[in-house]
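Here is data35.txt, consisting of compact mmCIF, C-alpha atoms:
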# COMPACT_ATOMS: atom_id res chain seq x y z
CA MET A 2 -6.25 -12.07 37.32
CA ALA A 3 -5.01 -10.34 34.20
CA VAL A 4 -1.55 -11.00 32.82
CA ASP A 5 0.99 -8.55 34.24
CA ARG A 6 2.09 -7.46 30.82
CA GLN A 7 4.67 -4.89 31.89
CA ALA A 8 6.45 -7.29 34.23
CA LEU A 9 6.41 -9.96 31.52
CA VAL A 10 7.80 -7.58 28.93
CA ASN A 11 10.53 -6.44 31.31
CA GLU A 12 11.71 -10.01 31.85
CA LEU A 13 11.47 -11.00 28.18
CA GLU A 14 13.49 -8.00 27.09
CA GLN A 15 16.48 -9.39 28.95
CA HIS A 16 16.75 -11.85 26.05
CA GLY A 17 15.41 -10.07 22.99
CA THR A 18 13.03 -7.53 21.52
CA VAL A 19 9.32 -7.76 22.20
CA VAL A 20 7.41 -7.37 18.94
CA PHE A 21 4.00 -8.28 20.31
CA CYS A 22 2.79 -9.23 23.77
CA ASP A 23 -0.94 -9.00 24.37
CA SER A 24 -4.26 -10.79 24.27
CA HIS A 25 -6.76 -10.66 21.45
CA LEU A 26 -10.44 -10.62 22.44
CA ASP A 27 -9.54 -13.06 25.25
CA MET A 28 -9.28 -15.68 22.49
CA TYR A 29 -5.55 -16.05 22.97
CA TYR A 30 -2.43 -14.43 24.39
CA LEU A 31 0.23 -13.85 21.79
CA ILE A 32 3.94 -13.26 22.27
CA VAL A 33 6.32 -12.55 19.40
CA MET A 34 10.02 -11.86 20.02
CA GLU A 35 12.87 -10.94 17.74
CA ASN A 36 16.58 -11.49 18.40
CA TRP A 37 15.81 -14.12 21.02
CA ASP A 38 19.26 -15.00 22.33
CA THR A 39 18.55 -18.23 24.14
CA ASP A 40 16.28 -21.29 23.89
CA ILE A 41 12.61 -22.18 24.18
CA PRO A 42 12.80 -23.61 27.74
CA THR A 43 14.19 -20.29 28.92
CA PHE A 44 11.30 -18.48 27.27
CA ASP A 45 8.80 -20.87 28.83
CA SER A 46 10.30 -20.40 32.27
CA ILE A 47 9.62 -16.67 32.00
CA ALA A 48 6.32 -16.51 30.15
CA ASP A 49 4.54 -19.44 31.75
CA LYS A 50 4.45 -17.88 35.20
CA TYR A 51 2.68 -14.79 33.86
CA VAL A 52 0.41 -16.23 31.19
CA LEU A 53 -0.66 -19.74 32.16
CA GLN A 54 -3.02 -18.71 34.91
CA ASP A 55 -5.31 -16.96 32.41
CA PHE A 56 -4.35 -18.83 29.24
CA PRO A 57 -3.41 -22.33 30.41
CA ASN A 58 -2.88 -23.99 27.02
CA GLN A 59 0.21 -23.18 24.99
CA GLY A 60 -0.97 -23.87 21.47
CA ILE A 61 2.19 -23.49 19.45
CA ILE A 62 5.75 -22.25 19.86
CA THR A 63 8.41 -21.82 17.20
CA LEU A 64 11.91 -20.35 17.18
CA GLU A 65 13.38 -19.62 13.77
CA ASN A 66 16.33 -17.34 13.14
CA GLY A 67 15.89 -15.63 16.50
CA VAL A 68 12.16 -15.02 15.93
CA LEU A 69 10.10 -16.67 18.64
CA LYS A 70 6.33 -16.95 18.29
CA THR A 71 3.88 -18.53 20.67
CA GLN A 72 0.17 -18.51 21.30
CA TYR A 73 -1.51 -19.39 24.58
CA ASN A 74 -5.16 -20.37 24.56
CA PRO A 75 -7.82 -20.18 27.31
CA MET B 621 -11.34 -9.15 -41.84
CA MET B 622 -12.36 -11.23 -38.85
CA ILE B 623 -14.22 -14.45 -39.56
CA ILE B 624 -16.42 -15.75 -36.81
CA ASN B 625 -17.21 -19.43 -36.80
CA PRO B 626 -20.80 -19.60 -35.62
CA TYR B 627 -20.56 -23.28 -34.77
CA ARG B 628 -17.79 -22.92 -32.26
CA VAL B 629 -19.04 -22.58 -28.72
CA GLN B 630 -16.63 -21.49 -26.03
CA PRO B 631 -17.03 -23.85 -23.11
CA THR B 632 -17.40 -22.25 -19.72
CA SER B 633 -16.28 -25.40 -17.97
CA SER B 634 -15.04 -28.86 -18.85
CA CYS B 635 -17.41 -30.40 -16.33
CA ALA B 636 -20.12 -32.62 -17.74
CA THR B 637 -22.45 -31.57 -14.97
CA PRO B 638 -23.81 -28.03 -15.06
CA ALA B 639 -23.58 -25.82 -12.01
CA THR B 640 -26.90 -25.01 -10.37
CA GLY B 641 -25.88 -22.77 -7.51
CA THR B 642 -26.68 -25.39 -4.91
CA VAL B 643 -24.95 -24.94 -1.54
CA THR B 644 -24.24 -28.06 0.51
CA GLN B 645 -22.57 -28.18 3.90
CA ILE B 646 -19.91 -30.87 4.31
CA GLY B 647 -19.64 -32.04 7.88
CA THR B 648 -20.88 -30.77 11.22
CA PHE B 649 -19.63 -27.83 13.26
CA SER B 650 -17.46 -28.79 16.22
CA THR B 651 -15.34 -25.85 17.31
CA THR B 652 -13.06 -23.13 15.95
CA THR B 653 -9.30 -23.10 15.52
CA ALA B 654 -6.66 -20.67 14.30
CA PHE B 655 -5.22 -23.19 11.87
CA VAL B 656 -7.94 -22.84 9.24
CA PRO B 657 -8.11 -21.56 6.66
CA THR B 658 -4.60 -20.37 7.51
CA TYR B 659 -2.76 -19.36 10.66
CA GLY B 660 -2.35 -15.58 10.83
CA LEU B 661 0.62 -15.78 13.19
CA TYR B 662 2.93 -16.88 10.38
CA ASN B 663 4.09 -15.40 7.10
CA TYR B 664 3.40 -18.57 5.14
CA GLY B 665 1.23 -21.59 5.69
CA ILE B 666 -0.73 -24.46 4.27
CA SER B 667 -3.78 -26.29 5.51
CA ALA B 668 -5.40 -29.30 3.93
CA ASN B 669 -8.58 -31.19 4.55
CA ILE B 670 -9.99 -34.52 3.40
CA TYR B 671 -13.73 -34.62 2.73
CA SER B 672 -16.19 -37.37 1.99
CA PHE B 673 -18.85 -35.69 -0.11
CA GLY B 674 -21.30 -38.57 -0.40
CA LEU B 675 -22.27 -37.04 -3.73
CA SER B 676 -21.06 -37.50 -7.28
CA ASN B 677 -21.00 -35.69 -10.63
CA LEU B 678 -20.52 -32.24 -9.21
CA GLN B 679 -19.23 -29.06 -10.75
CA ILE B 680 -17.84 -27.25 -7.70
CA THR B 681 -17.73 -23.55 -8.44
CA GLY B 682 -16.76 -22.32 -4.99
CA ILE B 683 -16.74 -22.87 -1.29
CA GLN B 684 -18.11 -21.08 1.72
CA LEU B 685 -16.37 -20.91 5.08
CA GLN B 686 -17.00 -19.13 8.35
CA VAL B 687 -14.51 -17.46 10.68
CA THR B 688 -14.79 -15.55 13.92
CA GLY B 689 -12.81 -13.21 16.15
CA TYR B 690 -10.82 -11.41 13.46
CA THR B 691 -10.14 -7.71 13.66
CA PRO B 692 -12.61 -6.18 11.17
CA GLY B 693 -11.04 -5.74 7.75
CA TYR B 694 -8.26 -8.26 8.41
CA GLN B 695 -6.74 -9.41 5.13
CA TYR B 696 -4.73 -12.33 3.91
CA ASN B 697 -2.95 -11.55 0.66
CA ASN B 698 -1.80 -13.97 -2.00
CA GLN B 699 -3.95 -16.95 -1.06
CA GLU B 700 -4.57 -19.98 -3.26
CA ILE B 701 -7.02 -22.88 -3.17
CA TRP B 702 -6.32 -26.25 -4.74
CA MET B 703 -8.45 -29.39 -5.04
CA GLY B 704 -7.80 -33.00 -5.96
CA VAL B 705 -9.24 -36.46 -5.47
CA ILE B 706 -7.41 -39.08 -3.42
CA SER B 707 -7.96 -42.67 -2.35
CA ASN B 708 -6.81 -42.02 1.22
CA ALA B 709 -9.56 -41.65 3.78
CA THR B 710 -7.21 -39.88 6.19
CA PHE B 711 -3.72 -38.41 6.33
CA PRO B 712 -1.58 -41.52 6.84
CA THR B 713 0.80 -40.25 9.54
CA THR B 714 0.89 -37.68 12.30
CA THR B 715 3.45 -35.73 10.25
CA PRO B 716 2.01 -35.61 6.72
CA GLN B 717 4.08 -34.42 3.80
CA VAL B 718 3.48 -30.80 2.84
CA ASP B 719 3.81 -31.76 -0.85
CA PHE B 720 1.26 -34.58 -0.32
CA SER B 721 3.68 -37.19 -1.69
CA ASP B 722 2.33 -39.59 0.94
CA LEU B 723 -1.16 -39.51 -0.59
CA THR B 724 -2.45 -41.49 -3.58
CA PHE B 725 -4.08 -39.22 -6.13
CA VAL B 726 -6.95 -40.29 -8.34
CA VAL B 727 -7.25 -36.78 -9.76
CA PRO B 728 -4.17 -34.56 -9.37
CA LEU B 729 -4.27 -31.35 -7.38
CA THR B 730 -5.58 -28.48 -9.48
CA LYS B 731 -5.44 -24.81 -8.63
CA VAL B 732 -9.09 -23.79 -8.52
CA LYS B 733 -8.57 -20.30 -7.11
CA ASN B 734 -5.66 -18.19 -8.30
CA ALA B 735 -3.85 -15.83 -5.94
CA PHE B 736 -6.44 -13.68 -4.21
CA THR B 737 -6.87 -11.39 -1.23
CA TYR B 738 -9.14 -12.82 1.43
CA THR B 739 -10.77 -9.98 3.33
CA ILE B 740 -12.40 -11.28 6.48
CA THR B 741 -15.99 -10.80 7.49
CA ASN B 742 -16.70 -12.49 10.80
CA ASN B 743 -19.55 -14.85 11.60
CA ILE B 744 -21.08 -15.27 8.17
CA TRP B 745 -20.63 -17.92 5.49
CA GLN B 746 -18.22 -16.15 3.17
CA GLN B 747 -18.25 -17.46 -0.37
CA ILE B 748 -15.12 -17.78 -2.48
CA ASN B 749 -15.83 -18.35 -6.13
CA PHE B 750 -13.32 -20.47 -7.99
CA ASP B 751 -11.55 -19.27 -11.13
CA THR B 752 -11.60 -22.84 -12.41
CA PRO B 753 -14.54 -25.05 -11.41
CA PHE B 754 -13.57 -28.43 -10.04
CA CYS B 755 -15.24 -31.44 -11.64
CA TYR B 756 -15.88 -34.22 -9.18
CA THR B 757 -17.20 -37.37 -10.82
CA GLY B 758 -17.31 -39.57 -7.76
CA THR B 759 -14.39 -41.80 -8.82
CA SER B 760 -13.29 -41.75 -5.19
CA ASN B 761 -15.06 -40.69 -2.04
CA TYR B 762 -12.25 -38.49 -0.85
CA VAL B 763 -11.61 -34.93 -1.94
CA LEU B 764 -8.52 -33.02 -0.84
CA LEU B 765 -8.96 -29.27 -0.39
CA VAL B 766 -5.74 -27.31 0.10
CA TRP B 767 -5.41 -23.66 1.19
CA LYS B 768 -2.01 -22.08 0.59
CA ASN B 769 -0.94 -18.85 2.25
CA TYR B 770 1.80 -17.03 0.35
CA ASP B 771 1.18 -13.68 2.06
CA GLY B 772 4.78 -13.28 3.24
CA SER B 773 3.89 -11.24 6.32
CA TRP B 774 1.77 -11.59 9.41
CA THR B 775 -0.22 -9.30 11.63
CA SER B 776 -1.98 -9.67 14.95
CA GLY B 777 -5.75 -9.66 15.19
CA TYR B 778 -6.26 -12.96 13.47
CA GLY B 779 -9.10 -15.18 14.61
CA ASN B 780 -10.36 -18.71 14.21
CA GLY B 781 -12.08 -20.72 11.50
CA GLN B 782 -14.92 -23.17 11.99
CA VAL B 783 -13.98 -26.83 11.86
CA ALA B 784 -15.59 -30.25 12.11
CA ASN B 785 -14.19 -33.00 14.33
CA VAL B 786 -13.20 -35.98 12.18
CA VAL B 787 -10.20 -38.11 13.07
CA SER B 788 -7.07 -37.45 11.00
CA LYS B 789 -8.75 -35.48 8.21
CA GLY B 790 -6.93 -32.19 8.70
CA MET B 791 -3.33 -31.01 8.50
CA TYR B 792 -1.39 -27.77 8.60
CA ALA B 793 2.13 -26.42 8.38
CA VAL B 794 3.41 -22.91 9.02
CA SER B 795 6.67 -21.10 8.47
CA ASP B 796 8.13 -17.63 8.51
CA PRO B 797 11.17 -17.50 6.23
CA ALA B 798 9.47 -19.21 3.28
CA PHE B 799 6.57 -21.43 2.31
CA PRO B 800 6.61 -24.63 4.40
CA THR B 801 8.43 -27.70 3.18
CA GLY B 802 8.90 -31.14 4.65
CA THR B 803 6.20 -32.24 7.02
CA GLY B 804 3.27 -30.70 8.82
CA THR B 805 0.97 -31.63 11.67
CA ARG B 806 -2.08 -33.85 11.33
CA THR B 807 -5.27 -32.80 13.13
CA ASN B 808 -8.78 -34.04 13.77
CA PHE B 809 -10.22 -30.71 12.68
CA PRO B 810 -10.88 -30.29 8.96
CA MET B 811 -12.20 -26.89 7.95
CA LEU B 812 -15.98 -26.78 7.91
CA ILE B 813 -17.09 -25.85 4.41
CA LYS B 814 -20.09 -25.57 2.20
CA ILE B 815 -19.56 -26.42 -1.44
CA VAL B 816 -21.24 -24.45 -4.17
CA THR B 817 -22.18 -26.63 -7.14
Mind turning this structure into structure tokens?
Amino acid sequence: MAVDRQALVNELEQHGTVVFCDSHLDMYYLIVMENWDTDIPTFDSIADKYVLQDFPNQGIITLENGVLKTQYNP
Amino acid sequence: MMIINPYRVQPTSSCATPATGTVTQIGTFSTTTAFVPTYGLYNYGISANIYSFGLSNLQITGIQLQVTGYTPGYQYNNQEIWMGVISNATFPTTTPQVDFSDLTFVVPLTKVKNAFTYTITNNIWQQINFDTPFCYTGTSNYVLLVWKNYDGSWTSGYGNGQVANVVSKGMYAVSDPAFPTGTGTRTNFPMLIKIVT
């Protein structure tokens, strides 16, 4: 089942601006947010339920100055 | 009037050993990872790898590496490659120092490739010729190869680089506001390279 990108974006935008939210060649699913107004656990609680089924391994996540970046791997 | 001294020969390299164009693979392919040669998700980054060449008296004039999955034409700007010789067989902790102050150098790090633009071609061994050949005499078995990413921006469409699987011989650090400082992350996945000598 493909990631429901629109539903994911709608939820993420409650807490910031989506800069990038998509997969690349099925190699990974990438989410980049700006102005993220809360913490990483809150992000995980939103994104995990959409992404983990297709990309079960969260490779990296960082939050610096409101910029949140994470990559999920197959 | 210009006087030319006919007895003065401009050296092309300080290495005692001449380069022959030989290409030698170091290590065995294991998998691919986004962390080598540098992680395209971040504005700045560093990756480092410890190699055991099993060879001595080399003039290393370049390296080859292979990547996959990049958007065609993907570019990393302002990249640098450095090499040195160390007595450490592995990175000593799980959080190695980005400035390598936790390593013991036999030959200090030297910038072998000045700032360059790395334009990706997928699935071939891409050769990067050094500006300054690196002379490896064999005084230690361990060579440190460092890739520094000073691009300052990121873009999606990055892919993965080929790596070997050798315990504790890789490390990386990434950052967005500025080049990484402090500590990075040790890995078991040094970048798979071929050396050109």
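CA of Val687 (chain B) lies 11.7 Å from CA of Gln747 (chain B).
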Discussion item. Would you mind listing, as a ChimeraX atom specification, all residues of chain B that have at least one atom within 10 Å of chain A, where only C-alpha atoms are what counts?
Written reply: /B:654,661-662,689-691,775-780,794-797
So that each row is one residue of region 653-699 of chain B with an atom at most 10 Å from region 712-736 of chain B, can you give its shortest atom pair and the distance in Å to one decimal, using all atoms listed in the file, rows by chain and rising number, as a tab-separated table?
residue	atom	partner	partner_atom	distance
B:Gly665	CA	B:Val718	CA	9.9
B:Ile666	CA	B:Val718	CA	7.7
B:Ser667	CA	B:Val718	CA	9.0
B:Ala668	CA	B:Val718	CA	9.1
B:Ile680	CA	B:Val732	CA	9.4
B:Thr681	CA	B:Val732	CA	8.6
B:Gly682	CA	B:Val732	CA	8.6
B:Tyr696	CA	B:Phe736	CA	8.4
B:Asn697	CA	B:Phe736	CA	6.4
B:Asn698	CA	B:Ala735	CA	4.8
B:Gln699	CA	B:Ala735	CA	5.0
Worksheet entry | Residue with smallest distance to Leu69 (chain A) - pool A:Asp5, A:Val10, A:Met34, A:Pro57, counting only C-alpha atoms |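 Distance minimum relative to Leu69 (chain A) lands on A:Met34.
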Fill in: Close residues, Phe649 (chain B) itself excluded, 12 Å, all atoms listed in the file, min 4 positions apart in chain, as a count of residues only
17
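Take the candidates B:Phe655, B:Tyr671, B:Tyr694, B:Phe799 and check each one against Lys768 (chain B) using only C-alpha atoms; the shortest distance goes to B:Phe799.
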Practice prompt. May I ask which of the residues A:His16, A:Gln59, A:Pro75, A:Asn11 is the closest one to Thr39 (chain A), counting all atoms listed in the file?
Written response: A:His16
